[in-house]
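Visitor: Got a structure for you, written out below as C-alpha cells; questions coming shortly.
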Amino acid sequence: MTSAPDFPEEFCPFSGVWQNGAHYFPVRVNWENTDAAGIVYHSNYLNYAERARTEGLRLLGVSQTAAIEELGVAFAVARAEIDYFRPGRLDDLLIVETTIARLGGSIMDMEQTIWRQDERLATIMVRVACVTVEGMKATRIPPPLRALMKDLVSA
C-alpha cells in the first residue's frame, strides 16, 4: 500500500456512538496512560473526556475547525470537577459516557462518566463555554450548533 485508504469523511469507527441521549466513546488504556504504580494517571481522565466530547460533537456534525473558521467561535473548558472511584489499569477497555446536562446561552454543562464494564471509575462534571476566537470572550452558542445539540439535553 502506498497511501492510506480513502474513507468517506463521515466514516470514523473510533468516534463512538450516540444512543438514548448519551454518547459512548471507547478508550483503551496504554502504557503512556499509566503511572509508576501501573494505574491510569489522574490527569489522563481529563484527556479521555476531552476526546469523547470532541468525537461526540463530531458525530452530531459539529466540526470544531469549522466553528473556528466559519463562525469565529470555539469551545473552552471553563470548569471541571472530578470524582475518582476506582483505578483504571493497563489494557482496560474503558467507555466514556457523555450527556449534556444543561445547554445555556453560552455554556454547556456536561456529565462524563468513565466506566470499565459496570464499574464506575470516575465522574467528571464539565462546563464548556462558547467563546469568540478573537478576544476569547463568552458568546452565545450559534443557532446552527445549538440546533444540533438541543434535543440531547438530559431531562
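Residues are referred to by chain and number: the chain letter is A, B, ... according to the order shown in the C-alpha cells, the number counts from 1 in that chain, and ligands are numbered separately from 1 in the order shown.
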Within 6 Å of segment 81-91 of chain A, counting only C-alpha atoms, which residues qualify if same-chain residues fewer than 3 places away don't, as a list of chain:residue names?
Guide: A:Val29, A:Asn30, A:Ile39, A:Val40, A:Leu121, A:Ala122, A:Thr123, A:Ile124, A:Met125
Visitor: Report as number ranges by chain all protein, DNA and RNA residues lying within 8 Å of segment 133-142 of chain A, evaluated on only C-alpha atoms, omitting residues in the same chain fewer than 4 positions from it.
Guide: A: 68, 71-74, 105-107, 129, 146
Visitor: Can I get the selection written as a compact mmCIF listing (two decimals), in the first residue's frame, with C-alpha atoms?
Guide:
```txt
# COMPACT_ATOMS: atom_id res chain seq x y z
CA ILE A 68 -13.48 28.38 14.44
CA LEU A 71 -18.39 31.00 12.85
CA GLY A 72 -15.47 32.55 14.74
CA VAL A 73 -16.20 30.59 17.91
CA ALA A 74 -14.50 27.86 19.91
CA GLY A 105 -26.91 30.69 26.20
CA SER A 106 -23.14 30.45 26.05
CA ILE A 107 -22.36 27.36 28.13
CA ALA A 129 -18.08 27.87 27.31
CA ARG A 146 -27.39 24.80 19.23
```
Visitor: Determine which residues of segment 77-155 of chain A receive a DSSP assignment of strand (DSSP E), computed from the backbone, and state them as a short mmCIF file (atom, residue, chain, number, x, y, z; two decimals) with N, CA and C atoms, in the first residue's frame.
Guide:
```cif
data_model
loop_
_atom_site.label_atom_id
_atom_site.label_comp_id
_atom_site.auth_asym_id
_atom_site.auth_seq_id
_atom_site.Cartn_x
_atom_site.Cartn_y
_atom_site.Cartn_z
N VAL A 77 -13.03 24.76 27.99
CA VAL A 77 -13.43 24.27 29.31
C VAL A 77 -13.29 25.42 30.31
N ALA A 78 -14.39 25.74 30.97
CA ALA A 78 -14.39 26.80 31.97
C ALA A 78 -14.27 26.23 33.38
N ARG A 79 -14.70 24.97 33.54
CA ARG A 79 -14.67 24.34 34.86
C ARG A 79 -14.71 22.83 34.69
N ALA A 80 -13.98 22.12 35.52
CA ALA A 80 -14.03 20.66 35.55
C ALA A 80 -13.91 20.20 37.00
N GLU A 81 -14.78 19.30 37.38
CA GLU A 81 -14.77 18.73 38.73
C GLU A 81 -14.78 17.21 38.59
N ILE A 82 -13.81 16.54 39.19
CA ILE A 82 -13.65 15.10 39.01
C ILE A 82 -13.78 14.38 40.35
N ASP A 83 -14.55 13.30 40.34
CA ASP A 83 -14.59 12.37 41.46
C ASP A 83 -14.04 11.04 40.96
N TYR A 84 -13.05 10.52 41.67
CA TYR A 84 -12.43 9.24 41.32
C TYR A 84 -12.97 8.15 42.24
N LEU A 93 -10.35 -1.73 28.76
CA LEU A 93 -11.19 -1.05 27.77
C LEU A 93 -12.18 -0.23 28.57
N LEU A 94 -12.08 1.08 28.43
CA LEU A 94 -12.95 2.00 29.16
C LEU A 94 -13.97 2.59 28.20
N ILE A 95 -15.11 2.98 28.75
CA ILE A 95 -16.13 3.68 27.98
C ILE A 95 -16.39 5.01 28.66
N VAL A 96 -16.29 6.08 27.90
CA VAL A 96 -16.63 7.41 28.41
C VAL A 96 -18.06 7.70 27.98
N GLU A 97 -18.94 7.84 28.95
CA GLU A 97 -20.35 8.16 28.70
C GLU A 97 -20.53 9.66 28.92
N THR A 98 -21.04 10.35 27.91
CA THR A 98 -21.21 11.80 27.99
C THR A 98 -22.67 12.17 27.79
N THR A 99 -23.19 12.99 28.68
CA THR A 99 -24.53 13.55 28.50
C THR A 99 -24.44 15.06 28.65
N ILE A 100 -25.33 15.75 27.95
CA ILE A 100 -25.43 17.20 28.08
C ILE A 100 -26.48 17.47 29.15
N ALA A 101 -26.03 17.94 30.31
CA ALA A 101 -26.93 18.18 31.43
C ALA A 101 -27.69 19.50 31.28
N ARG A 102 -27.03 20.47 30.68
CA ARG A 102 -27.65 21.80 30.53
C ARG A 102 -27.04 22.50 29.32
N LEU A 103 -27.90 23.13 28.55
CA LEU A 103 -27.46 23.93 27.41
C LEU A 103 -27.95 25.35 27.64
N ILE A 107 -23.06 28.47 27.48
CA ILE A 107 -22.36 27.36 28.13
C ILE A 107 -23.11 26.04 27.96
N MET A 108 -22.35 24.97 28.10
CA MET A 108 -22.90 23.62 28.17
C MET A 108 -22.34 22.98 29.42
N ASP A 109 -23.20 22.39 30.23
CA ASP A 109 -22.75 21.57 31.34
C ASP A 109 -22.88 20.12 30.90
N MET A 110 -21.78 19.39 31.00
CA MET A 110 -21.77 18.00 30.57
C MET A 110 -21.35 17.12 31.73
N GLU A 111 -21.96 15.95 31.81
CA GLU A 111 -21.55 14.95 32.79
C GLU A 111 -20.89 13.82 32.02
N GLN A 112 -19.70 13.45 32.44
CA GLN A 112 -18.96 12.39 31.77
C GLN A 112 -18.56 11.34 32.81
N THR A 113 -19.00 10.13 32.58
CA THR A 113 -18.67 9.03 33.48
C THR A 113 -17.78 8.05 32.73
N ILE A 114 -16.71 7.64 33.37
CA ILE A 114 -15.78 6.69 32.75
C ILE A 114 -16.00 5.34 33.41
N TRP A 115 -16.33 4.36 32.56
CA TRP A 115 -16.70 3.02 33.00
C TRP A 115 -15.68 1.98 32.55
N ARG A 116 -15.52 0.94 33.35
CA ARG A 116 -14.87 -0.30 32.93
C ARG A 116 -15.95 -1.35 33.18
N GLU A 119 -18.27 -1.06 36.24
CA GLU A 119 -17.61 -0.33 37.33
C GLU A 119 -17.39 1.12 36.95
N ARG A 120 -17.88 2.02 37.78
CA ARG A 120 -17.65 3.45 37.55
C ARG A 120 -16.27 3.79 38.09
N LEU A 121 -15.40 4.32 37.21
CA LEU A 121 -14.05 4.70 37.63
C LEU A 121 -13.98 6.17 38.02
N ALA A 122 -14.67 7.02 37.29
CA ALA A 122 -14.62 8.46 37.56
C ALA A 122 -15.84 9.14 36.96
N THR A 123 -16.22 10.23 37.58
CA THR A 123 -17.28 11.09 37.03
C THR A 123 -16.71 12.50 36.96
N ILE A 124 -16.91 13.12 35.80
CA ILE A 124 -16.39 14.47 35.57
C ILE A 124 -17.56 15.37 35.20
N MET A 125 -17.71 16.45 35.93
CA MET A 125 -18.69 17.48 35.58
C MET A 125 -17.90 18.59 34.88
N VAL A 126 -18.27 18.87 33.65
CA VAL A 126 -17.52 19.83 32.84
C VAL A 126 -18.44 20.95 32.38
N ARG A 127 -17.99 22.17 32.56
CA ARG A 127 -18.68 23.33 32.00
C ARG A 127 -17.84 23.82 30.82
N VAL A 128 -18.46 23.82 29.65
CA VAL A 128 -17.79 24.24 28.42
C VAL A 128 -18.42 25.56 27.98
N ALA A 129 -17.59 26.56 27.74
CA ALA A 129 -18.08 27.87 27.31
C ALA A 129 -17.82 28.06 25.82
N CYS A 130 -18.77 28.69 25.16
CA CYS A 130 -18.58 29.11 23.78
C CYS A 130 -17.94 30.49 23.83
N VAL A 131 -16.79 30.63 23.18
CA VAL A 131 -16.06 31.90 23.21
C VAL A 131 -15.72 32.35 21.80
N THR A 132 -15.52 33.65 21.65
CA THR A 132 -15.07 34.18 20.37
C THR A 132 -13.61 33.82 20.18
#
```
Visitor: From the DSSP assignment of the backbone, select every residue of chain A that is alpha helix (DSSP H), and format the answer as a VMD selection string.
Guide: chain A and resid 44 to 60 64 to 66 143 to 149
